[in-house]
file start-v6.cif (mmCIF, C-alpha atoms (C1' of nucleotides))
data_protein
#
loop_
_atom_site.label_atom_id
_atom_site.label_comp_id
_atom_site.auth_asym_id
_atom_site.auth_seq_id
_atom_site.Cartn_x
_atom_site.Cartn_y
_atom_site.Cartn_z
CA MET A 52 88.36 85.47 107.26
CA SER A 53 88.73 83.09 104.34
CA GLN A 54 89.90 79.51 104.34
CA ASN A 55 93.19 79.90 102.56
CA LEU A 56 95.36 82.16 100.49
CA GLN A 57 93.85 81.05 97.21
CA ALA A 58 90.41 82.15 98.41
CA GLU A 59 91.74 85.34 100.02
CA LEU A 60 93.18 86.46 96.71
CA LYS A 61 90.11 85.17 94.81
CA GLN A 62 92.26 82.96 92.64
CA LYS A 63 90.42 80.41 90.56
CA LYS A 64 93.31 78.00 90.15
CA PRO A 65 95.30 76.45 92.99
CA PHE A 66 98.96 77.39 93.30
CA PRO A 67 101.18 75.52 90.82
CA ARG A 68 103.99 74.96 93.33
CA VAL A 69 104.12 74.79 97.09
CA THR A 70 107.15 77.10 96.99
CA ALA A 71 105.12 79.81 95.26
CA GLU A 72 102.32 79.53 97.77
CA ALA A 73 104.76 79.60 100.68
CA LEU A 74 106.48 82.79 99.55
CA LEU A 75 103.23 84.54 98.71
CA SER A 76 101.92 83.51 102.12
CA VAL A 77 104.89 85.23 103.72
CA LEU A 78 104.31 88.42 101.71
CA ARG A 79 100.59 88.39 102.36
CA THR A 80 100.97 87.76 106.09
CA ALA A 81 103.51 90.55 106.41
CA ALA A 82 101.14 92.93 104.62
CA VAL A 83 98.34 92.03 107.04
CA LEU A 84 100.65 92.46 110.02
CA GLU A 85 102.00 95.77 108.80
CA HIS A 86 98.51 97.08 108.34
CA GLN A 87 97.54 96.06 111.87
CA LEU A 88 100.68 97.57 113.37
CA THR A 89 100.17 100.80 111.46
CA GLU A 90 96.60 101.02 112.74
CA ALA A 91 97.69 100.34 116.32
CA LEU A 92 100.36 103.07 116.16
CA LYS A 93 98.19 105.70 114.50
CA PRO A 94 96.93 107.18 117.82
CA TYR A 95 100.53 107.87 118.81
CA GLY A 96 101.44 109.66 115.61
CA ILE A 97 104.33 107.39 114.70
CA THR A 98 104.89 104.94 111.90
CA HIS A 99 105.93 101.33 112.21
CA THR A 100 109.38 102.34 111.01
CA GLN A 101 109.68 105.05 113.65
CA TYR A 102 108.56 102.65 116.37
CA ASN A 103 111.33 100.33 115.25
CA VAL A 104 113.89 103.13 115.54
CA LEU A 105 112.66 104.00 119.04
CA ARG A 106 113.07 100.37 120.12
CA ILE A 107 116.57 100.28 118.71
CA LEU A 108 117.60 103.51 120.39
CA ARG A 109 116.10 102.50 123.72
CA GLY A 110 118.16 99.33 123.48
CA ALA A 111 121.29 101.39 122.84
CA GLY A 112 120.72 103.45 125.98
CA ALA A 113 122.76 106.52 126.80
CA ASP A 114 125.48 105.65 124.28
CA GLY A 115 123.08 106.08 121.41
CA LEU A 116 123.87 104.91 117.91
CA CYS A 117 124.98 106.51 114.68
CA GLY A 118 122.62 106.54 111.72
CA ARG A 119 124.36 103.76 109.87
CA GLU A 120 124.05 101.44 112.86
CA VAL A 121 120.40 102.28 113.28
CA GLY A 122 119.89 101.33 109.65
CA ALA A 123 121.69 98.03 110.11
CA ARG A 124 119.33 97.06 112.93
CA MET A 125 116.08 97.83 111.15
CA VAL A 126 113.72 94.98 110.30
CA SER A 127 113.35 96.25 106.76
CA ARG A 128 116.27 98.23 105.45
CA VAL A 129 115.67 101.94 104.99
CA PRO A 130 117.75 103.67 102.32
CA ASP A 131 117.28 107.13 103.78
CA VAL A 132 118.03 107.04 107.49
CA SER A 133 119.12 110.69 107.48
CA ARG A 134 115.71 112.09 106.77
CA LEU A 135 113.93 109.50 108.88
CA LEU A 136 115.96 110.73 111.84
CA ASP A 137 115.39 114.32 110.69
CA ARG A 138 111.67 113.82 111.06
CA MET A 139 112.00 112.11 114.40
CA GLU A 140 114.21 114.88 115.75
CA GLU A 141 111.74 117.45 114.49
CA THR A 142 108.90 115.80 116.41
CA GLY A 143 111.08 115.51 119.50
CA LEU A 144 111.31 111.72 119.61
CA ILE A 145 115.10 111.66 119.46
CA THR A 146 118.09 113.94 119.86
CA ARG A 147 121.16 114.06 117.67
CA GLU A 148 124.67 115.17 118.36
CA ARG A 149 127.84 115.08 116.32
CA ASP A 150 130.31 112.61 117.75
CA PRO A 151 133.44 114.55 118.84
CA GLY A 152 135.58 111.42 118.44
CA ASP A 153 134.66 110.88 114.80
CA ARG A 154 133.04 113.95 113.34
CA ARG A 155 131.50 111.95 110.52
CA HIS A 156 129.18 110.20 112.96
CA ILE A 157 126.01 111.74 114.28
CA THR A 158 124.92 109.99 117.45
CA ALA A 159 121.18 109.60 117.85
CA ARG A 160 119.55 109.02 121.24
CA ILE A 161 115.99 108.46 122.30
CA SER A 162 114.45 111.42 124.13
CA ARG A 163 112.25 111.46 127.21
CA LYS A 164 109.28 112.02 124.93
CA GLY A 165 110.36 109.10 122.74
CA LEU A 166 110.57 106.85 125.78
CA ALA A 167 107.11 107.94 126.90
CA ILE A 168 105.53 107.24 123.52
CA LEU A 169 107.29 103.91 123.35
CA ALA A 170 105.90 103.00 126.77
CA GLN A 171 102.40 103.99 125.73
CA ALA A 172 102.44 102.25 122.37
CA THR A 173 104.07 98.98 123.38
CA PRO A 174 101.01 97.45 125.12
CA GLU A 175 98.96 98.06 122.00
CA LEU A 176 101.49 96.30 119.82
CA GLU A 177 101.66 93.44 122.26
CA ALA A 178 97.90 93.16 121.98
CA VAL A 179 98.28 92.76 118.22
CA GLU A 180 100.97 90.19 118.87
CA ARG A 181 98.69 88.19 121.17
CA ALA A 182 95.73 88.48 118.81
CA ARG A 183 97.78 87.17 115.90
CA ALA A 184 100.02 84.58 117.50
CA GLY A 185 98.78 84.06 121.05
CA GLN A 186 96.65 81.04 120.23
CA ILE A 187 99.28 79.27 118.18
CA PRO A 188 101.20 76.51 120.01
CA THR A 189 104.79 77.40 120.88
CA GLY A 190 106.15 74.46 118.93
CA GLN A 191 104.49 75.65 115.76
CA LEU A 192 105.87 79.16 116.24
CA GLN A 193 109.35 77.75 116.69
CA GLN A 194 108.92 75.76 113.49
CA LEU A 195 107.76 78.93 111.78
CA ILE A 196 110.83 80.82 112.97
CA GLU A 197 113.11 78.05 111.79
CA VAL A 198 111.63 77.69 108.31
CA LEU A 199 111.57 81.46 107.81
CA GLY A 200 115.23 81.51 108.78
CA ALA A 201 115.85 78.94 106.07
CA VAL A 202 113.99 81.09 103.54
CA ARG A 203 116.20 84.04 104.42
CA GLY A 204 119.18 81.88 103.71
CA ASN A 205 120.40 80.85 107.13
CA SER A 206 121.94 77.42 107.23
CA MET B 425 124.17 85.16 106.29
CA SER B 426 123.77 85.19 110.04
CA GLN B 427 122.60 82.43 112.29
CA ASN B 428 119.30 83.87 113.45
CA LEU B 429 117.15 86.95 113.58
CA GLN B 430 118.67 88.20 116.81
CA ALA B 431 122.08 88.27 115.19
CA GLU B 432 120.78 89.66 111.91
CA LEU B 433 119.34 92.67 113.70
CA LYS B 434 122.39 92.90 115.99
CA GLN B 435 120.26 92.58 119.08
CA LYS B 436 122.10 91.96 122.30
CA LYS B 437 119.21 90.38 124.18
CA PRO B 438 117.22 87.36 123.00
CA PHE B 439 113.55 87.91 122.15
CA PRO B 440 111.33 88.06 125.24
CA ARG B 441 108.51 86.03 123.69
CA VAL B 442 108.38 83.48 120.93
CA THR B 443 105.36 85.31 119.50
CA ALA B 444 107.41 88.50 119.10
CA GLU B 445 110.20 86.66 117.35
CA ALA B 446 107.76 84.85 115.09
CA LEU B 447 106.03 88.01 113.89
CA LEU B 448 109.29 89.89 113.41
CA SER B 449 110.60 86.91 111.46
CA VAL B 450 107.64 87.20 109.12
CA LEU B 451 108.21 90.93 108.61
CA ARG B 452 111.93 90.49 108.13
CA THR B 453 111.55 87.62 105.69
CA ALA B 454 109.00 89.54 103.66
CA ALA B 455 111.37 92.52 103.49
CA VAL B 456 114.17 90.28 102.21
CA LEU B 457 111.86 88.68 99.65
CA GLU B 458 110.50 92.00 98.45
CA HIS B 459 114.00 93.30 97.97
CA GLN B 460 114.95 90.26 95.91
CA LEU B 461 111.81 90.43 93.80
CA THR B 462 112.33 94.14 93.18
CA GLU B 463 115.89 93.48 92.06
CA ALA B 464 114.79 90.67 89.77
CA LEU B 465 112.14 92.84 88.13
CA LYS B 466 114.30 95.93 87.69
CA PRO B 467 115.56 94.92 84.20
CA TYR B 468 111.95 94.81 83.00
CA GLY B 469 111.04 98.25 84.30
CA ILE B 470 108.15 97.09 86.46
CA THR B 471 107.60 97.02 90.18
CA HIS B 472 106.55 94.05 92.25
CA THR B 473 103.10 95.59 92.53
CA GLN B 474 102.81 95.96 88.77
CA TYR B 475 103.92 92.39 88.24
CA ASN B 476 101.16 91.35 90.60
CA VAL B 477 98.60 93.29 88.56
CA LEU B 478 99.83 91.70 85.34
CA ARG B 479 99.42 88.24 86.85
CA ILE B 480 95.92 89.08 88.00
CA LEU B 481 94.88 90.46 84.62
CA ARG B 482 96.38 87.55 82.73
CA GLY B 483 94.32 85.30 84.98
CA ALA B 484 91.19 87.27 84.15
CA GLY B 485 91.75 86.81 80.42
CA ALA B 486 89.72 88.63 77.81
CA ASP B 487 87.00 89.59 80.29
CA GLY B 488 89.40 91.78 82.21
CA LEU B 489 88.59 93.13 85.66
CA CYS B 490 87.48 96.43 87.08
CA GLY B 491 89.86 98.38 89.31
CA ARG B 492 88.14 97.44 92.52
CA GLU B 493 88.43 93.73 91.74
CA VAL B 494 92.10 94.11 90.85
CA GLY B 495 92.61 95.73 94.25
CA ALA B 496 90.81 92.91 96.03
CA ARG B 497 93.17 90.35 94.49
CA MET B 498 96.42 92.09 95.35
CA VAL B 499 98.77 90.44 97.82
CA SER B 500 99.16 93.71 99.72
CA ARG B 501 96.25 96.06 99.43
CA VAL B 502 96.83 99.19 97.38
CA PRO B 503 94.76 102.25 98.29
CA ASP B 504 95.22 103.94 94.95
CA VAL B 505 94.47 101.47 92.17
CA SER B 506 93.41 104.28 89.84
CA ARG B 507 96.83 105.80 89.48
CA LEU B 508 98.57 102.45 89.54
CA LEU B 509 96.52 101.47 86.48
CA ASP B 510 97.10 104.96 85.03
CA ARG B 511 100.81 104.34 85.08
CA MET B 512 100.49 100.87 83.64
CA GLU B 513 98.27 102.12 80.83
CA GLU B 514 100.75 104.89 80.13
CA THR B 515 103.58 102.39 79.72
CA GLY B 516 101.39 100.19 77.55
CA LEU B 517 101.16 97.22 79.91
CA ILE B 518 97.38 97.27 80.07
CA THR B 519 94.37 98.75 78.30
CA ARG B 520 91.31 100.26 79.90
CA GLU B 521 87.79 100.66 78.66
CA ARG B 522 84.61 101.87 80.27
CA ASP B 523 82.15 99.03 80.83
CA PRO B 524 79.03 99.75 78.72
CA GLY B 525 76.88 97.64 81.08
CA ASP B 526 77.78 99.62 84.19
CA ARG B 527 79.39 102.87 83.28
CA ARG B 528 80.93 103.24 86.74
CA HIS B 529 83.28 100.36 86.02
CA ILE B 530 86.44 100.65 84.00
CA THR B 531 87.54 97.29 82.73
CA ALA B 532 91.29 96.75 82.66
CA ARG B 533 92.91 94.12 80.45
CA ILE B 534 96.49 93.01 79.97
CA SER B 535 98.02 94.09 76.67
CA ARG B 536 100.20 92.14 74.30
CA LYS B 537 103.20 94.03 75.67
CA GLY B 538 102.12 93.21 79.22
CA LEU B 539 101.90 89.54 78.35
CA ALA B 540 105.36 89.67 76.78
CA ILE B 541 106.95 91.30 79.82
CA LEU B 542 105.19 88.86 82.11
CA ALA B 543 106.57 85.97 80.05
CA GLN B 544 110.08 87.41 80.20
CA ALA B 545 110.05 88.22 83.90
CA THR B 546 108.43 85.09 85.24
CA PRO B 547 111.48 82.79 84.90
CA GLU B 548 113.55 85.29 86.89
CA LEU B 549 111.01 85.33 89.69
CA GLU B 550 110.85 81.56 89.65
CA ALA B 551 114.60 81.53 90.05
CA VAL B 552 114.23 83.64 93.19
CA GLU B 553 111.54 81.26 94.35
CA ARG B 554 113.81 78.25 93.86
CA ALA B 555 116.78 79.99 95.49
CA ARG B 556 114.74 80.86 98.56
CA ALA B 557 112.49 77.85 98.99
CA GLY B 558 113.74 75.17 96.60
CA GLN B 559 115.87 73.39 99.18
CA ILE B 560 113.23 73.33 101.89
CA PRO B 561 111.33 70.04 102.25
CA THR B 562 107.73 70.17 101.01
CA GLY B 563 106.38 69.18 104.39
CA GLN B 564 108.03 72.13 106.07
CA LEU B 565 106.65 74.50 103.44
CA GLN B 566 103.18 73.11 103.99
CA GLN B 567 103.60 73.65 107.73
CA LEU B 568 104.75 77.19 107.02
CA ILE B 569 101.69 77.88 104.88
CA GLU B 570 99.42 76.49 107.56
CA VAL B 571 100.90 78.46 110.46
CA LEU B 572 100.95 81.67 108.42
CA GLY B 573 97.28 81.08 107.65
CA ALA B 574 96.67 80.85 111.39
CA VAL B 575 98.52 84.13 111.94
CA ARG B 576 96.32 85.82 109.36
CA GLY B 577 93.33 84.62 111.30
CA ASN B 578 92.08 81.65 109.31
CA SER B 579 90.44 79.04 111.48
"C1'" DT C 1107 152.48 115.81 103.61
"C1'" DT C 1108 150.03 114.46 99.69
"C1'" DG C 1109 146.92 111.84 97.26
"C1'" DA C 1110 143.77 108.07 97.05
"C1'" DT C 1111 140.21 105.53 99.15
"C1'" DA C 1112 136.67 104.56 102.52
"C1'" DT C 1113 133.06 106.00 105.50
"C1'" DA C 1114 128.96 108.69 107.38
"C1'" DT C 1115 125.79 111.76 106.47
"C1'" DA C 1116 123.27 115.09 103.73
"C1'" DT C 1117 120.86 116.70 99.58
"C1'" DG C 1118 118.22 116.78 95.12
"C1'" DT C 1119 114.95 114.47 92.59
"C1'" DT C 1120 111.39 111.33 91.16
"C1'" DA C 1121 108.01 107.91 92.07
"C1'" DT C 1122 104.88 105.88 94.84
"C1'" DA C 1123 102.00 105.26 99.12
"C1'" DA C 1124 98.50 107.00 101.97
"C1'" DC C 1125 94.70 109.85 103.04
"C1'" DA C 1126 90.77 112.86 102.21
"C1'" DG C 1127 87.47 114.49 99.46
"C1'" DT C 1128 84.87 114.79 94.73
"C1'" DT C 1129 82.29 113.25 90.74
"C1'" DA C 1130 79.64 110.08 87.99
"C1'" DT C 1131 76.67 106.28 87.80
"C1'" DT C 1132 73.62 102.98 89.67
"C1'" DG C 1133 70.36 101.03 92.93
"C1'" DT C 1134 66.70 101.63 96.44
"C1'" DT C 1135 62.91 103.47 98.86
"C1'" DC C 1136 59.06 106.07 99.45
"C1'" DG D 567 59.95 109.38 89.56
"C1'" DA D 568 62.47 112.09 93.10
"C1'" DA D 569 65.40 111.78 96.91
"C1'" DC D 570 68.68 109.23 99.08
"C1'" DA D 571 72.26 105.94 99.59
"C1'" DA D 572 75.82 102.94 97.63
"C1'" DT D 573 79.43 102.09 94.48
"C1'" DA D 574 83.51 102.88 91.30
"C1'" DA D 575 86.67 105.77 89.84
"C1'" DC D 576 89.14 110.10 89.93
"C1'" DT D 577 91.69 114.12 91.93
"C1'" DG D 578 94.40 116.93 95.25
"C1'" DT D 579 97.63 116.79 98.69
"C1'" DT D 580 101.17 115.30 101.82
"C1'" DA D 581 104.50 112.10 103.36
"C1'" DT D 582 107.62 108.73 102.59
"C1'" DA D 583 110.50 105.45 99.74
"C1'" DA D 584 113.98 104.91 96.46
"C1'" DC D 585 117.80 106.34 93.86
"C1'" DA D 586 121.76 108.99 92.59
"C1'" DT D 587 125.00 112.15 93.84
"C1'" DA D 588 127.51 115.41 96.81
"C1'" DT D 589 130.01 116.81 100.97
"C1'" DA D 590 132.72 116.29 105.04
"C1'" DT D 591 135.71 113.58 107.71
"C1'" DA D 592 138.81 109.87 108.49
"C1'" DT D 593 142.21 106.29 107.16
"C1'" DC D 594 145.91 104.49 104.58
"C1'" DA D 595 149.91 104.29 101.41
"C1'" DA D 596 153.66 106.16 99.36
#
call {"tool": "encode", "arguments": {"input": "start-v6.cif", "output": "structure tokens"}}
result
Amino acid sequence: MSQNLQAELKQKKPFPRVTAEALLSVLRTAAVLEHQLTEALKPYGITHTQYNVLRILRGAGADGLCGREVGARMVSRVPDVSRLLDRMEETGLITRERDPGDRRHITARISRKGLAILAQATPELEAVERARAGQIPTGQLQQLIEVLGAVRGNS
Amino acid sequence: MSQNLQAELKQKKPFPRVTAEALLSVLRTAAVLEHQLTEALKPYGITHTQYNVLRILRGAGADGLCGREVGARMVSRVPDVSRLLDRMEETGLITRERDPGDRRHITARISRKGLAILAQATPELEAVERARAGQIPTGQLQQLIEVLGAVRGNS
DNA sequence: TTGATATATATGTTATAACAGTTATTGTTC
DNA sequence: GAACAATAACTGTTATAACATATATATCAA
């Protein structure tokens, strides 16, 4: 690939501020990652977003989670969890059931099929993970995590 | 905001690998940034993608650029530049003209209105930039840029 | 209880993203 | 120069994102 972001985006002038370059680097890197993850998941017929939901619901176990809580755990917030879960129920990845305790809640749970697809797809995503970050020293990754936390506003 | 990504996503268990946390941090941070940029641009009636196109076309000046070259310069690749430019021409942000030299190309140029909106919106985006990255030491931002370059596969 | 408010989900609508395939123009090869 | 391949843009279609609003249920206050 190219030497740096300026070359990748074919920009003639260097970035005016290091802050601008840093934030664009984050956006650009995320776009590259999302593209790779989407490609890796294509054989399994699920999107990156749906994979995320499956991970969340597997973590919740038999208790399941209501839609609002699924939304709160997503990496990028989805404004339409209802229909996302609709689609996943339709393809058999999850089940849904109205909570008898609070009839406003609909509890979603991962299905056997969802677990199977998750198990199949996970090694592929881990391969992407290794390909992208496996050669980077741990210390640098920890620095990355810390600075990104600062960008998101953590103190 | 919360202390770290694990808490932000309400995960009970810590991340199994630093590589996983690093890549999720990138995706999460990009989602937060994109949300902020979208909010900042809303008053001007343009999307983050359209802002990106305006920047690219301003950089190209009077020569303009063909659609394919616009696409190549985008931060996140857009598979449908035609209709993106359609919409921007419709709202008067750009002009388009068939290249007499190679009639396959359609040269896009930023309009006076596009320049005006770019000039209005830029300070708002720079405010987001300062709010997110202004307090982070330059050295850390340079580290961030470098490690993200490594994630994207630059050697 | 009644009314007001909050919460969780669902629905209607529009815009955009993503994918596949088509057309027009140019370049290349024999 | 005719056939073929390559390139740039366009079009058709489907799926999803984004936004606003509606509906059902629960909670709280008087």
call {"tool": "atom_distance", "arguments": {"input": "start-v6.cif", "atom1": "CA of Val450 (chain B)", "atom2": "CA of Arg479 (chain B)"}}
result
23.8 Å
call {"tool": "atom_distance", "arguments": {"input": "start-v6.cif", "atom1": "CA of Glu553 (chain B)", "atom2": "CA of Ala574 (chain B)"}}
result
22.6 Å
call {"tool": "interface_residues", "arguments": {"input": "start-v6.cif", "of": "chain D", "to": "chain A", "cutoff": "12 Å", "atoms": "all atoms listed in the file", "output": "PyMOL selection string"}}
result
chain D and resi 581-586+589-593
call {"tool": "calpha_fit_and_write", "arguments": {"input": "start-v6.cif", "fixed": "chain A", "moving": "chain B", "output": "short mmCIF file (atom, residue, chain, number, x, y, z; two decimals) with C-alpha atoms, in the coordinates of the input"}}
result
data_model
loop_
_atom_site.label_atom_id
_atom_site.label_comp_id
_atom_site.auth_asym_id
_atom_site.auth_seq_id
_atom_site.Cartn_x
_atom_site.Cartn_y
_atom_site.Cartn_z
CA MET B 425 88.34 85.47 107.21
CA SER B 426 88.74 83.08 104.32
CA GLN B 427 89.92 79.52 104.37
CA ASN B 428 93.22 79.88 102.56
CA LEU B 429 95.36 82.16 100.48
CA GLN B 430 93.85 81.03 97.20
CA ALA B 431 90.43 82.13 98.39
CA GLU B 432 91.73 85.30 100.01
CA LEU B 433 93.17 86.46 96.70
CA LYS B 434 90.12 85.15 94.80
CA GLN B 435 92.25 82.92 92.64
CA LYS B 436 90.42 80.37 90.58
CA LYS B 437 93.31 77.96 90.16
CA PRO B 438 95.30 76.41 93.00
CA PHE B 439 98.97 77.38 93.30
CA PRO B 440 101.19 75.51 90.84
CA ARG B 441 104.01 74.96 93.33
CA VAL B 442 104.14 74.78 97.09
CA THR B 443 107.16 77.11 97.00
CA ALA B 444 105.11 79.80 95.26
CA GLU B 445 102.32 79.52 97.78
CA ALA B 446 104.76 79.59 100.67
CA LEU B 447 106.48 82.79 99.56
CA LEU B 448 103.22 84.53 98.72
CA SER B 449 101.91 83.50 102.13
CA VAL B 450 104.87 85.23 103.73
CA LEU B 451 104.30 88.42 101.72
CA ARG B 452 100.58 88.38 102.37
CA THR B 453 100.96 87.76 106.08
CA ALA B 454 103.50 90.54 106.40
CA ALA B 455 101.13 92.92 104.61
CA VAL B 456 98.33 92.03 107.03
CA LEU B 457 100.64 92.46 110.02
CA GLU B 458 102.00 95.77 108.80
CA HIS B 459 98.49 97.07 108.33
CA GLN B 460 97.55 96.07 111.87
CA LEU B 461 100.68 97.56 113.37
CA THR B 462 100.16 100.80 111.46
CA GLU B 463 96.60 101.01 112.74
CA ALA B 464 97.70 100.34 116.30
CA LEU B 465 100.35 103.06 116.16
CA LYS B 466 98.18 105.70 114.51
CA PRO B 467 96.92 107.17 117.83
CA TYR B 468 100.53 107.87 118.82
CA GLY B 469 101.44 109.66 115.61
CA ILE B 470 104.33 107.39 114.70
CA THR B 471 104.88 104.94 111.90
CA HIS B 472 105.94 101.34 112.23
CA THR B 473 109.39 102.34 111.02
CA GLN B 474 109.67 105.04 113.66
CA TYR B 475 108.57 102.65 116.37
CA ASN B 476 111.33 100.34 115.23
CA VAL B 477 113.89 103.14 115.54
CA LEU B 478 112.65 104.00 119.03
CA ARG B 479 113.07 100.38 120.10
CA ILE B 480 116.57 100.28 118.68
CA LEU B 481 117.61 103.52 120.38
CA ARG B 482 116.11 102.51 123.70
CA GLY B 483 118.17 99.34 123.43
CA ALA B 484 121.30 101.38 122.79
CA GLY B 485 120.73 103.43 125.94
CA ALA B 486 122.76 106.51 126.77
CA ASP B 487 125.48 105.65 124.25
CA GLY B 488 123.08 106.09 121.37
CA LEU B 489 123.89 104.90 117.87
CA CYS B 490 125.00 106.51 114.65
CA GLY B 491 122.62 106.56 111.69
CA ARG B 492 124.35 103.78 109.84
CA GLU B 493 124.06 101.44 112.83
CA VAL B 494 120.39 102.30 113.26
CA GLY B 495 119.88 101.35 109.62
CA ALA B 496 121.68 98.05 110.07
CA ARG B 497 119.32 97.08 112.90
CA MET B 498 116.07 97.85 111.12
CA VAL B 499 113.73 95.00 110.29
CA SER B 500 113.34 96.28 106.73
CA ARG B 501 116.24 98.27 105.44
CA VAL B 502 115.66 101.98 105.00
CA PRO B 503 117.73 103.74 102.33
CA ASP B 504 117.26 107.18 103.80
CA VAL B 505 118.01 107.08 107.51
CA SER B 506 119.07 110.73 107.49
CA ARG B 507 115.65 112.12 106.78
CA LEU B 508 113.91 109.52 108.90
CA LEU B 509 115.96 110.74 111.87
CA ASP B 510 115.37 114.35 110.73
CA ARG B 511 111.66 113.83 111.09
CA MET B 512 111.98 112.11 114.43
CA GLU B 513 114.20 114.88 115.77
CA GLU B 514 111.72 117.44 114.52
CA THR B 515 108.89 115.79 116.45
CA GLY B 516 111.08 115.51 119.52
CA LEU B 517 111.31 111.71 119.63
CA ILE B 518 115.09 111.65 119.48
CA THR B 519 118.10 113.93 119.88
CA ARG B 520 121.16 114.06 117.68
CA GLU B 521 124.68 115.17 118.37
CA ARG B 522 127.86 115.06 116.36
CA ASP B 523 130.32 112.53 117.76
CA PRO B 524 133.44 114.44 118.91
CA GLY B 525 135.60 111.31 118.47
CA ASP B 526 134.70 110.82 114.81
CA ARG B 527 133.08 113.90 113.42
CA ARG B 528 131.55 111.95 110.53
CA HIS B 529 129.20 110.21 112.94
CA ILE B 530 126.04 111.72 114.29
CA THR B 531 124.94 109.97 117.43
CA ALA B 532 121.19 109.60 117.83
CA ARG B 533 119.57 109.01 121.21
CA ILE B 534 115.99 108.46 122.30
CA SER B 535 114.45 111.41 124.13
CA ARG B 536 112.27 111.44 127.19
CA LYS B 537 109.27 112.00 124.93
CA GLY B 538 110.36 109.09 122.74
CA LEU B 539 110.58 106.84 125.77
CA ALA B 540 107.12 107.95 126.89
CA ILE B 541 105.53 107.24 123.51
CA LEU B 542 107.29 103.90 123.33
CA ALA B 543 105.92 103.01 126.77
CA GLN B 544 102.40 104.01 125.72
CA ALA B 545 102.44 102.25 122.37
CA THR B 546 104.06 98.99 123.36
CA PRO B 547 101.01 97.45 125.10
CA GLU B 548 98.94 98.08 121.97
CA LEU B 549 101.48 96.31 119.80
CA GLU B 550 101.65 93.45 122.26
CA ALA B 551 97.90 93.16 121.97
CA VAL B 552 98.27 92.76 118.21
CA GLU B 553 100.96 90.19 118.86
CA ARG B 554 98.69 88.20 121.17
CA ALA B 555 95.72 88.48 118.80
CA ARG B 556 97.77 87.17 115.89
CA ALA B 557 100.02 84.59 117.50
CA GLY B 558 98.77 84.08 121.05
CA GLN B 559 96.64 81.06 120.23
CA ILE B 560 99.29 79.27 118.19
CA PRO B 561 101.19 76.52 120.03
CA THR B 562 104.79 77.42 120.90
CA GLY B 563 106.14 74.49 118.95
CA GLN B 564 104.49 75.67 115.77
CA LEU B 565 105.87 79.17 116.25
CA GLN B 566 109.34 77.76 116.73
CA GLN B 567 108.92 75.77 113.52
CA LEU B 568 107.77 78.93 111.78
CA ILE B 569 110.82 80.84 112.97
CA GLU B 570 113.10 78.05 111.82
CA VAL B 571 111.62 77.69 108.33
CA LEU B 572 111.56 81.46 107.83
CA GLY B 573 115.23 81.51 108.80
CA ALA B 574 115.85 78.93 106.08
CA VAL B 575 113.99 81.08 103.55
CA ARG B 576 116.19 84.04 104.44
CA GLY B 577 119.18 81.87 103.72
CA ASN B 578 120.43 80.88 107.16
CA SER B 579 122.08 77.49 107.18
#
call {"tool": "residues_near_point", "arguments": {"input": "start-v6.cif", "point": "(89.5, 110.9, 99.0)", "cutoff": "12 Å", "atoms": "all atoms listed in the file", "output": "ChimeraX atom specification"}}
result
/B:503-504,506 /C:1124-1129 /D:575-579
call {"tool": "resolve_selection", "arguments": {"input": "start-v6.cif", "expression": "the PyMOL selection byres ((chain B) within 8 of (chain A))", "output": "PyMOL selection string"}}
result
chain B and resi 425-429+432-435+442-458+496-501+553-554+556-558+560+562+564-569+571-579
call {"tool": "interface_residues", "arguments": {"input": "start-v6.cif", "of": "chain C", "to": "chain B", "cutoff": "10 Å", "atoms": "all atoms listed in the file", "output": "list of chain:residue names"}}
result
C:DT1122, C:DA1123, C:DA1124, C:DC1125, C:DA1130, C:DT1131, C:DT1132
call {"tool": "atom_distance", "arguments": {"input": "start-v6.cif", "atom1": "CA of Ile470 (chain B)", "atom2": "CA of Ser535 (chain B)"}}
result
14.4 Å
call {"tool": "resolve_selection", "arguments": {"input": "start-v6.cif", "expression": "the PyMOL selection byres ((chain D and resi 588) around 9)", "output": "list in words"}}
result
DA1116 and DT1117 of chain C; DT587 and DT589 of chain D
call {"tool": "resolve_selection", "arguments": {"input": "start-v6.cif", "expression": "the PyMOL selection byres ((chain A and resi 167) around 12)", "output": "PyMOL selection string"}}
result
chain A and resi 95+102+105-106+109+143-145+161-166+168-173
call {"tool": "closest_residue", "arguments": {"input": "start-v6.cif", "among": "A:Gly118, A:Gly112, A:Pro94, A:Pro65", "to": "Thr158 (chain A)", "atoms": "only C-alpha atoms"}}
result
A:Gly118
call {"tool": "closest_residue", "arguments": {"input": "start-v6.cif", "among": "C:DA1121, C:DA1112, C:DG1133, C:DT1107", "to": "DT573 (chain D)", "atoms": "only C-alpha atoms (C1' of nucleotides)"}}
result
C:DG1133
call {"tool": "decode", "arguments": {"input": "start-v6.cif", "residues": "region 527-538 of chain B", "atoms": "C-alpha atoms", "output": "PDB file, in the first residue's frame"}}
result
ATOM      1  CA  ARG B 527     -15.842  11.886 -23.785  1.00  0.00           C
ATOM      2  CA  ARG B 528     -16.061   9.049 -21.256  1.00  0.00           C
ATOM      3  CA  HIS B 529     -15.047  11.417 -18.479  1.00  0.00           C
ATOM      4  CA  ILE B 530     -17.385  13.822 -16.783  1.00  0.00           C
ATOM      5  CA  THR B 531     -15.483  16.582 -15.080  1.00  0.00           C
ATOM      6  CA  ALA B 532     -16.938  17.749 -11.779  1.00  0.00           C
ATOM      7  CA  ARG B 533     -16.134  21.157 -10.309  1.00  0.00           C
ATOM      8  CA  ILE B 534     -17.136  22.870  -7.103  1.00  0.00           C
ATOM      9  CA  SER B 535     -19.626  25.701  -7.576  1.00  0.00           C
ATOM     10  CA  ARG B 536     -19.711  29.105  -5.960  1.00  0.00           C
ATOM     11  CA  LYS B 537     -22.437  27.828  -3.650  1.00  0.00           C
ATOM     12  CA  GLY B 538     -20.329  24.780  -2.804  1.00  0.00           C
TER      13      GLY B 538
END
